[in-house]
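Structure file coords_2.txt (compact mmCIF, C-alpha atoms) follows.
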```
# COMPACT_ATOMS: atom_id res chain seq x y z
CA MET A 1 -1.07 -17.16 34.58
CA THR A 2 -4.50 -16.97 32.94
CA THR A 3 -4.72 -13.24 33.64
CA ASP A 4 -1.26 -12.88 32.10
CA LEU A 5 -2.35 -14.71 28.97
CA ALA A 6 -5.49 -12.58 28.74
CA LYS A 7 -3.32 -9.51 29.10
CA TYR A 8 -1.07 -10.57 26.24
CA ILE A 9 -4.02 -11.36 23.96
CA PHE A 10 -5.62 -8.02 24.80
CA ARG A 11 -2.35 -6.23 24.07
CA PHE A 12 -2.01 -8.15 20.80
CA ILE A 13 -5.47 -7.04 19.58
CA ILE A 14 -5.17 -3.46 20.78
CA LEU A 15 -1.75 -2.91 19.23
CA ILE A 16 -2.78 -4.38 15.88
CA LEU A 17 -5.98 -2.33 15.78
CA ALA A 18 -4.05 0.79 16.78
CA GLN A 19 -1.54 0.11 14.03
CA VAL A 20 -4.03 -0.41 11.21
CA LEU A 21 -6.73 2.06 12.23
CA ILE A 22 -4.75 4.92 13.74
CA VAL A 23 -1.03 4.78 13.01
CA GLN A 24 -1.57 3.79 9.38
CA ASN A 25 -3.32 7.12 8.86
CA ILE A 26 -0.49 9.19 10.29
CA ASN A 27 1.28 10.56 7.23
CA LEU A 28 4.14 12.72 8.42
CA THR A 29 6.29 12.45 5.31
CA ASN A 30 7.18 9.53 3.13
CA TYR A 31 10.39 9.25 5.10
CA ILE A 32 8.77 8.56 8.45
CA VAL A 33 6.55 5.50 8.45
CA LEU A 34 5.73 4.15 11.88
CA TYR A 35 5.29 0.48 12.80
CA PRO A 36 4.79 0.41 16.59
CA TYR A 37 3.03 -2.95 16.35
CA VAL A 38 6.47 -4.57 16.72
CA LEU A 39 6.03 -3.83 20.44
CA ILE A 40 3.93 -7.03 20.57
CA ILE A 41 7.05 -9.04 19.76
CA ILE A 42 9.38 -6.94 21.91
CA LEU A 43 7.22 -7.31 25.01
CA LEU A 44 6.79 -11.10 24.92
CA PRO A 45 8.16 -12.57 28.18
CA PHE A 46 11.81 -13.67 28.45
CA GLN A 47 10.75 -17.26 28.99
CA THR A 48 8.78 -17.60 25.74
CA PRO A 49 9.93 -20.83 24.00
CA LYS A 50 11.88 -19.87 20.91
CA LEU A 51 9.66 -21.72 18.43
CA VAL A 52 6.53 -20.16 19.90
CA LEU A 53 8.26 -16.80 19.52
CA LEU A 54 8.87 -17.42 15.81
CA ILE A 55 5.33 -18.56 15.15
CA ILE A 56 3.69 -15.70 17.06
CA SER A 57 5.84 -13.20 15.15
CA PHE A 58 4.99 -14.81 11.85
CA LEU A 59 1.27 -14.59 12.69
CA VAL A 60 1.55 -10.95 13.75
CA GLY A 61 3.30 -10.20 10.46
CA CYS A 62 0.65 -12.06 8.46
CA ILE A 63 -2.20 -10.17 10.12
CA ILE A 64 -0.50 -6.85 9.43
CA ASP A 65 0.05 -8.02 5.85
CA PHE A 66 -3.67 -8.65 5.49
CA PHE A 67 -4.39 -5.07 6.43
CA TYR A 68 -1.52 -3.47 4.55
CA ASP A 69 -1.89 -5.44 1.28
CA SER A 70 1.79 -6.22 1.48
CA SER A 71 1.58 -10.05 1.25
CA GLY A 72 4.55 -11.51 3.09
CA LEU A 73 6.67 -8.39 3.66
CA HIS A 74 5.72 -7.82 7.28
CA ALA A 75 5.62 -11.54 8.01
CA SER A 76 9.16 -11.88 6.73
CA ALA A 77 10.48 -8.88 8.67
CA CYS A 78 8.74 -10.00 11.88
CA THR A 79 10.09 -13.53 11.63
CA LEU A 80 13.60 -12.17 11.17
CA MET A 81 13.04 -9.89 14.14
CA ALA A 82 11.97 -12.81 16.35
CA PHE A 83 15.00 -14.75 15.19
CA ALA A 84 17.26 -11.83 16.11
CA ARG A 85 15.47 -11.29 19.42
CA TYR A 86 16.44 -14.75 20.61
CA TYR A 87 20.15 -14.15 19.95
CA ILE A 88 20.15 -10.59 21.25
CA LEU A 89 18.55 -11.74 24.51
CA LYS A 90 21.08 -14.56 24.78
CA PHE A 91 23.92 -12.13 24.18
CA MET A 92 22.65 -9.57 26.71
CA SER A 93 21.67 -12.15 29.32
CA PRO A 94 23.06 -11.79 32.86
CA ARG A 95 25.08 -14.78 34.13
CA GLU A 96 22.28 -16.27 36.21
CA GLY A 97 19.68 -15.81 33.45
CA TYR A 98 16.64 -13.57 33.45
CA ASP A 99 14.54 -13.28 36.57
CA ALA A 100 11.11 -14.88 36.04
CA VAL A 101 9.34 -11.86 37.57
CA LEU A 102 10.93 -9.35 35.23
CA LYS A 103 9.50 -8.32 31.90
CA PRO A 104 11.35 -6.65 29.01
CA THR A 105 9.99 -3.19 29.78
CA VAL A 106 11.63 0.14 30.62
CA ASP A 107 10.20 -0.13 34.11
CA ASP A 108 11.76 -3.49 34.93
CA MET A 109 15.05 -3.36 33.05
CA GLY A 110 15.93 0.32 32.93
CA LEU A 111 16.17 2.74 30.02
CA PRO A 112 19.71 1.96 28.73
CA TRP A 113 18.90 -1.74 28.54
CA PHE A 114 15.63 -1.05 26.76
CA ILE A 115 17.26 1.28 24.23
CA THR A 116 19.85 -1.35 23.29
CA PHE A 117 17.32 -4.17 23.16
CA ALA A 118 14.27 -2.57 21.54
CA GLY A 119 16.32 -0.12 19.49
CA SER A 120 18.33 -2.82 17.78
CA LEU A 121 15.21 -4.92 17.16
CA VAL A 122 13.32 -1.99 15.63
CA LEU A 123 16.34 -1.17 13.48
CA ILE A 124 16.62 -4.77 12.24
CA HIS A 125 12.91 -4.89 11.45
CA HIS A 126 12.90 -1.56 9.60
CA LEU A 127 16.16 -2.17 7.75
CA PHE A 128 14.93 -5.49 6.42
CA PHE A 129 11.39 -4.28 5.76
CA PHE A 130 12.15 -1.09 3.81
CA TYR A 131 14.80 -2.68 1.63
CA LEU A 132 12.59 -5.67 0.92
CA GLU A 133 9.65 -3.40 0.13
CA VAL A 134 11.50 -1.65 -2.69
CA PHE A 135 14.01 -4.34 -3.65
CA ARG A 136 16.05 -2.03 -5.85
CA PHE A 137 19.53 -0.67 -5.32
CA THR A 138 18.95 2.53 -7.26
CA GLU A 139 17.16 4.06 -4.29
CA PHE A 140 19.77 2.88 -1.76
CA PHE A 141 20.46 6.10 0.13
CA ARG A 142 16.88 7.30 0.10
CA ILE A 143 15.79 4.02 1.70
CA LEU A 144 18.60 4.29 4.24
CA LEU A 145 17.27 7.71 5.26
CA ARG A 146 13.77 6.23 5.51
CA VAL A 147 15.07 3.39 7.67
CA ILE A 148 16.91 5.70 10.06
CA LEU A 149 14.14 8.29 10.44
CA SER A 150 11.39 5.66 10.70
CA SER A 151 13.34 3.66 13.28
CA ILE A 152 13.79 6.75 15.43
CA GLY A 153 10.09 7.55 15.02
CA THR A 154 8.91 4.04 15.83
CA PHE A 155 11.22 3.78 18.82
CA GLY A 156 9.99 7.13 20.12
CA LEU A 157 6.40 6.00 19.78
CA ILE A 158 7.14 2.66 21.47
CA TYR A 159 8.82 4.48 24.35
CA LEU A 160 5.81 6.77 24.64
CA ILE A 161 3.40 3.81 24.74
CA GLN A 162 5.58 2.19 27.42
CA PHE A 163 5.66 5.40 29.38
CA LEU A 164 1.90 5.84 29.21
CA PHE A 165 0.63 2.30 29.70
CA PHE A 166 3.30 0.14 31.30
CA THR A 167 4.56 2.29 34.14
CA LYS A 168 3.64 0.90 37.53
CA ARG A 169 1.63 3.30 39.63
CA LYS A 170 3.55 4.17 42.75
CA MET B 171 19.25 -40.01 6.78
CA ARG B 172 19.15 -40.49 10.54
CA ASN B 173 22.07 -38.11 10.96
CA LEU B 174 20.35 -35.56 8.79
CA LEU B 175 17.18 -35.87 10.81
CA SER B 176 18.98 -35.45 14.12
CA PHE B 177 20.83 -32.46 12.67
CA VAL B 178 17.50 -30.85 11.70
CA ILE B 179 16.03 -31.56 15.13
CA LYS B 180 19.10 -30.20 16.89
CA HIS B 181 18.92 -26.95 14.94
CA ASN B 182 15.15 -26.81 14.81
CA PHE B 183 15.08 -23.07 15.60
CA ILE B 184 17.04 -22.17 12.49
CA PHE B 185 15.12 -24.60 10.29
CA VAL B 186 11.72 -23.35 11.45
CA PHE B 187 12.97 -19.81 10.83
CA LEU B 188 14.08 -20.69 7.31
CA PHE B 189 10.82 -22.50 6.64
CA LEU B 190 8.74 -19.48 7.70
CA GLN B 191 10.92 -17.18 5.57
CA LEU B 192 10.33 -19.51 2.63
CA ILE B 193 6.57 -19.14 3.10
CA CYS B 194 7.03 -15.36 3.13
CA VAL B 195 9.05 -15.44 -0.07
CA TRP B 196 6.37 -17.59 -1.69
CA LEU B 197 3.71 -15.06 -0.65
CA MET B 198 5.77 -12.17 -2.00
CA VAL B 199 6.50 -13.82 -5.32
CA HIS B 200 2.85 -14.67 -5.83
CA SER B 201 1.75 -11.09 -5.27
CA HIS B 202 4.01 -9.57 -7.87
CA GLY B 203 2.54 -7.19 -10.42
CA TYR B 204 -1.08 -6.20 -10.73
CA GLN B 205 -2.17 -9.26 -12.64
CA GLY B 206 -1.21 -11.69 -9.87
CA SER B 207 -3.79 -12.61 -7.28
CA HIS B 208 -2.68 -11.74 -3.77
CA VAL B 209 -2.97 -14.31 -1.07
CA LEU B 210 -3.01 -11.76 1.73
CA ASN B 211 -4.95 -8.66 0.79
CA SER B 212 -7.42 -6.22 2.21
CA SER B 213 -10.32 -7.20 -0.05
CA ASN B 214 -10.61 -10.08 2.41
CA GLU B 215 -14.05 -9.82 4.07
CA VAL B 216 -12.97 -9.61 7.73
CA VAL B 217 -10.28 -7.05 7.11
CA ALA B 218 -12.44 -4.99 4.78
CA ASN B 219 -15.31 -4.94 7.27
CA ILE B 220 -13.05 -3.55 9.98
CA TYR B 221 -11.84 -0.92 7.55
CA GLN B 222 -15.39 -0.08 6.53
CA THR B 223 -16.49 0.52 10.11
CA ALA B 224 -13.54 2.84 10.61
CA ALA B 225 -14.22 4.61 7.31
CA ASN B 226 -17.89 5.11 8.15
CA THR B 227 -16.93 6.80 11.40
CA LYS B 228 -14.39 8.96 9.67
CA GLU B 229 -16.77 9.84 6.86
CA TYR B 230 -19.23 11.28 9.30
CA PHE B 231 -16.72 13.95 10.23
CA LEU B 232 -15.92 14.75 6.62
CA LEU B 233 -19.53 15.13 5.45
CA LYS B 234 -19.32 18.87 4.96
CA ASN B 235 -16.21 18.67 2.83
CA GLU B 236 -17.70 15.91 0.76
CA ASN B 237 -20.95 17.81 0.28
CA ASP B 238 -19.09 20.83 -1.03
CA LYS B 239 -17.27 18.68 -3.52
CA LEU B 240 -20.46 16.96 -4.71
CA ASN B 241 -22.22 20.30 -5.01
CA TYR B 242 -19.40 21.57 -7.13
CA GLU B 243 -19.57 18.55 -9.36
CA ASN B 244 -23.36 18.82 -9.60
CA ALA B 245 -23.00 22.37 -10.73
CA GLN B 246 -20.51 21.34 -13.35
CA LEU B 247 -22.82 18.62 -14.64
CA ARG B 248 -25.76 20.96 -14.64
CA ASN B 249 -23.80 23.19 -16.98
CA LEU B 250 -23.74 20.35 -19.44
CA LEU B 251 -27.51 19.77 -19.40
CA LYS B 252 -29.18 19.79 -22.76
CA ASN B 253 -31.56 22.65 -22.00
CA ASN B 254 -28.59 24.92 -21.35
CA PHE B 255 -27.73 24.79 -25.02
CA SER B 256 -29.68 26.16 -27.89
CA ILE B 257 -30.88 23.38 -30.11
CA ILE B 258 -29.73 23.47 -33.70
CA PRO B 259 -32.40 21.73 -35.78
CA LEU B 260 -30.18 19.89 -38.19
CA LYS B 261 -30.82 16.30 -39.12
CA GLU B 262 -27.15 15.32 -39.00
CA PHE B 263 -26.93 15.97 -35.29
CA ARG B 264 -29.56 13.42 -34.37
CA ARG B 265 -28.08 10.65 -32.31
CA ASN B 266 -28.52 7.18 -33.63
CA ASP B 267 -28.25 4.32 -31.19
CA THR B 268 -26.98 1.86 -33.73
CA LEU B 269 -24.09 4.15 -34.53
CA TYR B 270 -23.17 5.27 -31.02
CA LYS B 271 -22.53 2.32 -28.80
CA GLN B 272 -21.75 3.16 -25.23
CA GLN B 273 -18.26 1.84 -24.58
CA TYR B 274 -17.60 2.98 -21.01
CA THR B 275 -20.00 2.76 -18.08
CA TYR B 276 -19.45 4.31 -14.67
CA VAL B 277 -20.33 2.95 -11.22
CA SER B 278 -19.83 5.08 -8.12
CA ALA B 279 -18.04 3.64 -5.09
CA LYS B 280 -16.72 4.69 -1.73
CA ILE B 281 -13.16 4.22 -0.53
CA VAL B 282 -13.01 2.41 2.80
CA ASN B 283 -9.23 2.27 3.12
CA ALA B 284 -6.34 4.08 1.48
CA SER B 285 -2.67 4.78 1.98
CA VAL B 286 -0.11 7.11 0.39
CA ASN B 287 3.13 6.55 2.27
CA LYS B 288 4.12 3.06 1.22
CA ARG B 289 6.04 2.09 -1.87
CA ARG B 290 3.06 0.02 -3.03
CA ASN B 291 -0.15 1.80 -2.16
CA TYR B 292 -3.59 0.26 -2.46
CA LEU B 293 -7.16 1.46 -1.90
CA THR B 294 -10.11 -0.67 -0.84
CA LEU B 295 -13.57 0.00 -2.32
CA ASN B 296 -16.95 -0.89 -0.81
CA ILE B 297 -18.22 -2.67 -3.94
CA GLY B 298 -17.01 -5.89 -5.50
CA LYS B 299 -17.89 -8.92 -7.57
CA ASN B 300 -21.59 -8.71 -6.71
CA GLN B 301 -21.71 -5.24 -8.21
CA GLY B 302 -20.04 -6.46 -11.41
CA LEU B 303 -16.43 -5.57 -10.76
CA THR B 304 -13.54 -7.62 -12.13
CA HIS B 305 -9.83 -6.94 -12.14
CA ASP B 306 -8.27 -4.45 -14.58
CA MET B 307 -11.08 -1.91 -14.37
CA ALA B 308 -10.17 1.76 -14.24
CA VAL B 309 -10.90 3.89 -11.18
CA MET B 310 -11.18 7.69 -11.23
CA SER B 311 -12.21 10.40 -8.80
CA PRO B 312 -14.02 13.61 -9.78
CA GLU B 313 -10.58 15.22 -9.85
CA GLY B 314 -8.80 12.68 -12.02
CA ILE B 315 -7.11 9.31 -12.28
CA VAL B 316 -6.92 7.06 -9.18
CA GLY B 317 -5.88 3.52 -10.13
CA ILE B 318 -6.74 0.06 -11.39
CA VAL B 319 -8.81 -2.68 -9.74
CA THR B 320 -6.50 -5.60 -8.95
CA ASN B 321 -8.50 -7.97 -6.76
CA VAL B 322 -12.19 -8.39 -6.02
CA SER B 323 -14.09 -10.29 -3.36
CA ASN B 324 -17.88 -10.50 -3.19
CA ASN B 325 -18.43 -7.07 -1.68
CA PHE B 326 -15.07 -5.34 -1.79
CA ALA B 327 -12.38 -4.51 -4.29
CA SER B 328 -8.68 -3.76 -3.95
CA VAL B 329 -7.34 -0.98 -6.17
CA MET B 330 -3.71 -0.41 -7.11
CA SER B 331 -3.24 3.31 -6.82
CA VAL B 332 -1.12 5.46 -9.15
CA LEU B 333 1.21 5.66 -6.16
CA HIS B 334 2.49 2.13 -6.66
CA LYS B 335 5.90 0.87 -7.69
CA ASP B 336 4.52 -1.18 -10.59
CA PHE B 337 1.83 1.16 -11.94
CA GLY B 338 3.24 2.15 -15.35
CA ILE B 339 0.01 2.88 -17.28
CA ASN B 340 0.41 4.81 -20.54
CA SER B 341 -0.74 8.42 -20.51
CA GLN B 342 -0.48 11.19 -23.05
CA LEU B 343 -0.06 14.92 -23.44
CA LYS B 344 -3.41 16.47 -24.18
CA LYS B 345 -2.10 18.80 -26.87
CA ASP B 346 -0.27 16.43 -29.20
CA ARG B 347 -0.94 12.93 -27.89
CA SER B 348 2.73 12.09 -27.26
CA TYR B 349 2.54 9.23 -24.85
CA GLY B 350 4.66 7.66 -22.15
CA PRO B 351 4.17 5.48 -19.05
CA LEU B 352 3.41 6.99 -15.64
CA VAL B 353 5.73 5.90 -12.85
CA TRP B 354 5.91 6.83 -9.19
CA ASP B 355 9.24 7.32 -7.46
CA GLY B 356 7.89 7.06 -3.93
CA LYS B 357 8.92 10.56 -2.86
CA SER B 358 5.61 12.37 -2.47
CA TYR B 359 1.94 11.58 -2.92
CA GLU B 360 1.45 14.79 -4.88
CA TYR B 361 3.81 14.08 -7.77
CA CYS B 362 4.59 11.31 -10.19
CA SER B 363 6.69 11.11 -13.34
CA MET B 364 5.92 10.47 -16.96
CA ILE B 365 8.90 8.90 -18.70
CA ASP B 366 9.92 8.13 -22.28
CA ILE B 367 8.22 11.17 -23.85
CA PRO B 368 9.64 11.57 -27.37
CA THR B 369 11.73 14.73 -27.77
CA HIS B 370 9.76 16.00 -30.75
CA ALA B 371 6.92 16.75 -28.36
CA LYS B 372 7.06 20.46 -27.57
CA LEU B 373 6.82 20.06 -23.82
CA LYS B 374 6.06 23.11 -21.68
CA LYS B 375 5.53 23.64 -17.99
CA GLY B 376 1.83 23.50 -17.18
CA ASP B 377 0.92 21.14 -20.02
CA THR B 378 -2.07 18.93 -19.30
CA VAL B 379 -1.54 15.18 -19.07
CA VAL B 380 -4.51 12.87 -19.63
CA THR B 381 -5.03 9.11 -19.85
CA SER B 382 -4.55 7.36 -23.14
CA GLU B 383 -6.64 4.75 -24.88
CA LEU B 384 -3.42 2.78 -25.41
CA SER B 385 -3.63 1.47 -21.88
CA GLY B 386 -6.70 -0.55 -22.82
CA ILE B 387 -8.11 0.19 -19.40
CA PHE B 388 -8.77 3.90 -19.17
CA PRO B 389 -10.95 5.84 -21.58
CA GLU B 390 -9.10 8.64 -23.31
CA GLY B 391 -8.95 12.06 -21.69
CA ILE B 392 -9.27 11.52 -17.96
CA LEU B 393 -7.17 14.11 -16.20
CA VAL B 394 -3.90 12.88 -14.72
CA GLY B 395 -2.19 16.15 -13.82
CA PHE B 396 -0.03 18.99 -15.03
CA VAL B 397 3.61 19.11 -16.04
CA GLU B 398 5.53 20.79 -13.26
CA ASP B 399 9.03 20.33 -14.62
CA PHE B 400 10.79 18.27 -17.27
CA GLU B 401 14.31 17.28 -18.22
CA ARG B 402 16.23 15.33 -20.79
CA LYS B 403 19.00 13.24 -19.34
CA GLN B 404 22.31 13.29 -21.15
CA GLY B 405 22.56 10.73 -23.92
CA GLU B 406 18.86 9.95 -23.89
CA SER B 407 16.39 10.83 -26.57
CA PHE B 408 13.42 11.02 -24.25
CA TYR B 409 12.04 13.55 -21.82
CA THR B 410 11.18 12.74 -18.24
CA ALA B 411 8.46 14.99 -16.85
CA LYS B 412 7.52 15.62 -13.24
CA ILE B 413 3.75 15.73 -12.98
CA LYS B 414 1.61 17.29 -10.28
CA LEU B 415 -1.27 14.85 -9.84
CA SER B 416 -4.72 16.40 -10.03
CA THR B 417 -6.15 13.91 -7.52
CA ASN B 418 -5.36 14.55 -3.89
CA PHE B 419 -4.79 11.00 -2.71
CA LYS B 420 -4.96 12.00 0.92
CA LYS B 421 -8.50 13.29 0.58
CA VAL B 422 -10.07 11.13 -2.10
CA ASN B 423 -13.24 9.49 -0.84
CA HIS B 424 -15.81 8.93 -3.59
CA VAL B 425 -14.66 7.39 -6.85
CA TYR B 426 -16.08 6.01 -10.10
CA VAL B 427 -15.21 2.57 -11.40
CA ILE B 428 -15.13 2.52 -15.19
CA THR B 429 -16.10 -0.58 -17.13
CA ASN B 430 -14.81 -0.89 -20.64
CA ARG B 431 -17.51 -2.96 -22.30
CA PHE B 432 -15.37 -3.84 -25.29
CA LYS B 433 -12.35 -4.89 -23.22
CA THR B 434 -12.80 -8.66 -23.56
CA GLU B 435 -13.31 -8.33 -27.28
CA ARG B 436 -10.23 -6.15 -27.67
CA ASP B 437 -8.07 -8.36 -25.44
CA SER B 438 -9.00 -11.57 -27.22
CA LEU B 439 -8.34 -9.97 -30.60
CA GLU B 440 -4.95 -8.74 -29.48
CA LYS B 441 -4.16 -12.14 -28.07
CA ILE B 442 -4.96 -13.82 -31.40
CA SER B 443 -2.61 -11.47 -33.26
CA GLN B 444 0.11 -12.12 -30.74
CA LYS B 445 -0.36 -15.86 -30.99
CA ASN B 446 -0.05 -15.71 -34.76
CA ASP B 447 3.30 -13.96 -34.33
CA ASP B 448 4.75 -16.53 -31.97
```
Target encoding structure tokens, full file:
Amino acid sequence: MTTDLAKYIFRFIILILAQVLIVQNINLTNYIVLYPYVLIIILLPFQTPKLVLLIISFLVGCIIDFFYDSSGLHASACTLMAFARYYILKFMSPREGYDAVLKPTVDDMGLPWFITFAGSLVLIHHLFFFYLEVFRFTEFFRILLRVILSSIGTFGLIYLIQFLFFTKRK
Amino acid sequence: MRNLLSFVIKHNFIFVFLFLQLICVWLMVHSHGYQGSHVLNSSNEVVANIYQTAANTKEYFLLKNENDKLNYENAQLRNLLKNNFSIIPLKEFRRNDTLYKQQYTYVSAKIVNASVNKRRNYLTLNIGKNQGLTHDMAVMSPEGIVGIVTNVSNNFASVMSVLHKDFGINSQLKKDRSYGPLVWDGKSYEYCSMIDIPTHAKLKKGDTVVTSELSGIFPEGILVGFVEDFERKQGESFYTAKIKLSTNFKKVNHVYVITNRFKTERDSLEKISQKNDD
């Protein structure tokens, strides 16, 4: 249990540092902006109490806001994402509930499950975030393109991180 | 009351969610515009120190590039040295300190964090309140305009870059001083637009755009960029020009912060006139 907690804290710090020091400096085009830090929220265990989930997400968002000068934008998007995560998990839950040993990773749950779960969460986060960032309807379709391309990019990056760091050695 | 309370407790998940969203909205509202003081920003000491460590590492790898640029600028300045010009011994050309008051002073600074791909882009500088910075000071690079200081902490400052949704500082055409605000549409870090240019201005591709004294922040004549393209929308009596920015925001590293020493005087005077109107 303690090692698990240490692992989650370590992951939390590493992903945030990677986001603000490395990923922030990747400028592909203005249409692809990557936010793989959402993996912190995606990978929280199934059994996380729902209020703890909300508060952790809010904190993650706030920390990213500190670094990105975006006061409140990321916090808001992350909180919404945590809110959605609870209902999505409930909706996708098997009849006997989630096994306590399993974690929401590609390795444990399989790729199709992970695409539905993480993909929809990333999409919700990006959709909310990019529209809130601009808050104007005149740029509607351009933002939509940003949302779609960025979501694909972020999901790809998340999958890559999973593939590299969370695969069990056989 | 009891029913209400039990209702809230029963749906605590949704209420906590709404409460957190309310905090977010409060944070967003309080950060609006460049006058507002941000609650969460990167001039915060912890955040800025992390950025500075990263920037120091990165700078080490860019030393050669930076040296070339400084050398180039040194050469340019050397060209302006007094002993490069022949002296004309006329009494009228003598400079008199009581007549020429220095209005703008320059402080050099290093950028420790920058972005170009958001809709609101900021830069963080390695100097702050202790070095005499306050908000609303102009920031330029050797190549041209960069932005405006929005927040300062003791040793760091946050700068709103030209690449920001709410920038809108007045600039002018160098040749005839027709002016209009600069706005950024979020498409590319290399271009921005100058809107509301009166149609009597004889706009041409390649025209130079410089800052205007009207902004009250920038001194006149700092390079902004060059007109790449312009159009007049139907039914409007103004031009909108696409401008190629002279500063490369992806590579900018050393900047100058410009202090307008008469700013307080000018602002308070303008405020008095406005108050008399109201």
Query raised in the report: What does the distance between atom CA of B:Ser363 and atom CA of B:Ser348 come to in Å, to one decimal place?
Result: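 That distance, rounded to one decimal, is 14.5 Å.
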Give me, as JSON lines, the closest atom pair and its distance (Å, one decimal) for every residue of chain A within a cut-off of 9 Å of chain B, counting only C-alpha atoms, rows sorted by chain and rising number.
```
{"residue": "A:Val20", "atom": "CA", "partner": "B:Tyr221", "partner_atom": "CA", "distance": 8.6}
{"residue": "A:Leu21", "atom": "CA", "partner": "B:Ala224", "partner_atom": "CA", "distance": 7.0}
{"residue": "A:Gln24", "atom": "CA", "partner": "B:Ser285", "partner_atom": "CA", "distance": 7.5}
{"residue": "A:Asn25", "atom": "CA", "partner": "B:Ser285", "partner_atom": "CA", "distance": 7.3}
{"residue": "A:Asn27", "atom": "CA", "partner": "B:Asn287", "partner_atom": "CA", "distance": 6.6}
{"residue": "A:Leu28", "atom": "CA", "partner": "B:Asn287", "partner_atom": "CA", "distance": 8.8}
{"residue": "A:Thr29", "atom": "CA", "partner": "B:Asn287", "partner_atom": "CA", "distance": 7.4}
{"residue": "A:Asn30", "atom": "CA", "partner": "B:Asn287", "partner_atom": "CA", "distance": 5.1}
{"residue": "A:Tyr31", "atom": "CA", "partner": "B:Lys357", "partner_atom": "CA", "distance": 8.2}
{"residue": "A:Ile32", "atom": "CA", "partner": "B:Asn287", "partner_atom": "CA", "distance": 8.6}
{"residue": "A:Val33", "atom": "CA", "partner": "B:Asn287", "partner_atom": "CA", "distance": 7.1}
{"residue": "A:Lys50", "atom": "CA", "partner": "B:Phe183", "partner_atom": "CA", "distance": 7.0}
{"residue": "A:Leu51", "atom": "CA", "partner": "B:Phe183", "partner_atom": "CA", "distance": 6.3}
{"residue": "A:Leu54", "atom": "CA", "partner": "B:Phe187", "partner_atom": "CA", "distance": 6.9}
{"residue": "A:Ile55", "atom": "CA", "partner": "B:Leu190", "partner_atom": "CA", "distance": 8.2}
{"residue": "A:Phe58", "atom": "CA", "partner": "B:Leu190", "partner_atom": "CA", "distance": 7.3}
{"residue": "A:Cys62", "atom": "CA", "partner": "B:Leu210", "partner_atom": "CA", "distance": 7.7}
{"residue": "A:Ile63", "atom": "CA", "partner": "B:Leu210", "partner_atom": "CA", "distance": 8.6}
{"residue": "A:Asp65", "atom": "CA", "partner": "B:Leu210", "partner_atom": "CA", "distance": 6.4}
{"residue": "A:Phe66", "atom": "CA", "partner": "B:Asn211", "partner_atom": "CA", "distance": 4.9}
{"residue": "A:Phe67", "atom": "CA", "partner": "B:Ser212", "partner_atom": "CA", "distance": 5.3}
{"residue": "A:Tyr68", "atom": "CA", "partner": "B:Ser212", "partner_atom": "CA", "distance": 6.9}
{"residue": "A:Asp69", "atom": "CA", "partner": "B:Asn211", "partner_atom": "CA", "distance": 4.5}
{"residue": "A:Ser70", "atom": "CA", "partner": "B:Asn211", "partner_atom": "CA", "distance": 7.2}
{"residue": "A:Ser71", "atom": "CA", "partner": "B:Leu210", "partner_atom": "CA", "distance": 4.9}
{"residue": "A:Gly72", "atom": "CA", "partner": "B:Cys194", "partner_atom": "CA", "distance": 4.6}
{"residue": "A:Leu73", "atom": "CA", "partner": "B:Met198", "partner_atom": "CA", "distance": 6.9}
{"residue": "A:His74", "atom": "CA", "partner": "B:Cys194", "partner_atom": "CA", "distance": 8.7}
{"residue": "A:Ala75", "atom": "CA", "partner": "B:Cys194", "partner_atom": "CA", "distance": 6.4}
{"residue": "A:Ser76", "atom": "CA", "partner": "B:Cys194", "partner_atom": "CA", "distance": 5.4}
{"residue": "A:Ala77", "atom": "CA", "partner": "B:Gln191", "partner_atom": "CA", "distance": 8.9}
{"residue": "A:Thr79", "atom": "CA", "partner": "B:Phe187", "partner_atom": "CA", "distance": 7.0}
{"residue": "A:Leu80", "atom": "CA", "partner": "B:Phe187", "partner_atom": "CA", "distance": 7.7}
{"residue": "A:Ala82", "atom": "CA", "partner": "B:Phe187", "partner_atom": "CA", "distance": 9.0}
{"residue": "A:Phe83", "atom": "CA", "partner": "B:Phe187", "partner_atom": "CA", "distance": 7.0}
{"residue": "A:Phe130", "atom": "CA", "partner": "B:Arg289", "partner_atom": "CA", "distance": 8.9}
{"residue": "A:Glu133", "atom": "CA", "partner": "B:Arg289", "partner_atom": "CA", "distance": 6.9}
{"residue": "A:Val134", "atom": "CA", "partner": "B:Arg289", "partner_atom": "CA", "distance": 6.7}
```
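Ranking B:Gln444, B:Asn340, B:Asn430, B:Thr378 by their shortest atom-to-atom distance to B:Glu398, with only C-alpha atoms included, puts B:Thr378 first.
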Query raised in the report: How would you write as a list in words the residues that get within 12 Å of (10.3, 8.3, 23.1) in the file's frame, counting all atoms listed in the file?
Result: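 I get Pro36, Val106, Leu111, Phe114, Ile115, Ala118, Gly119, Ser151, Ile152, Gly153, Thr154, Phe155, Gly156, Leu157, Ile158, Tyr159, Leu160, Ile161, Gln162, Phe163 and Leu164 of chain A for the residues within 12 Å of that point.
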**Report entry** Counting only C-alpha atoms, the option among B:Tyr361, B:Tyr409, B:Phe326, B:Phe432 closest to B:Val394
**Finding:** B:Tyr361
Query - Exercise: B:Asp437 partners within 12 Å, all atoms listed in the file, chain neighbours under 6 positions left out, as a PyMOL selection string - result: chain B and resi 306+385-387+430-431+443-444
If I wrap all listed atoms of stretch 321-339 of chain B in a box with edges along x, y and z and add 6 Å on each side, what are its centre and edge lengths in Å to one decimal, as JSON?
```
{"center_x": -6.3, "center_y": -2.4, "center_z": -9.5, "size_x": 36.3, "size_y": 28.2, "size_z": 27.6}
```
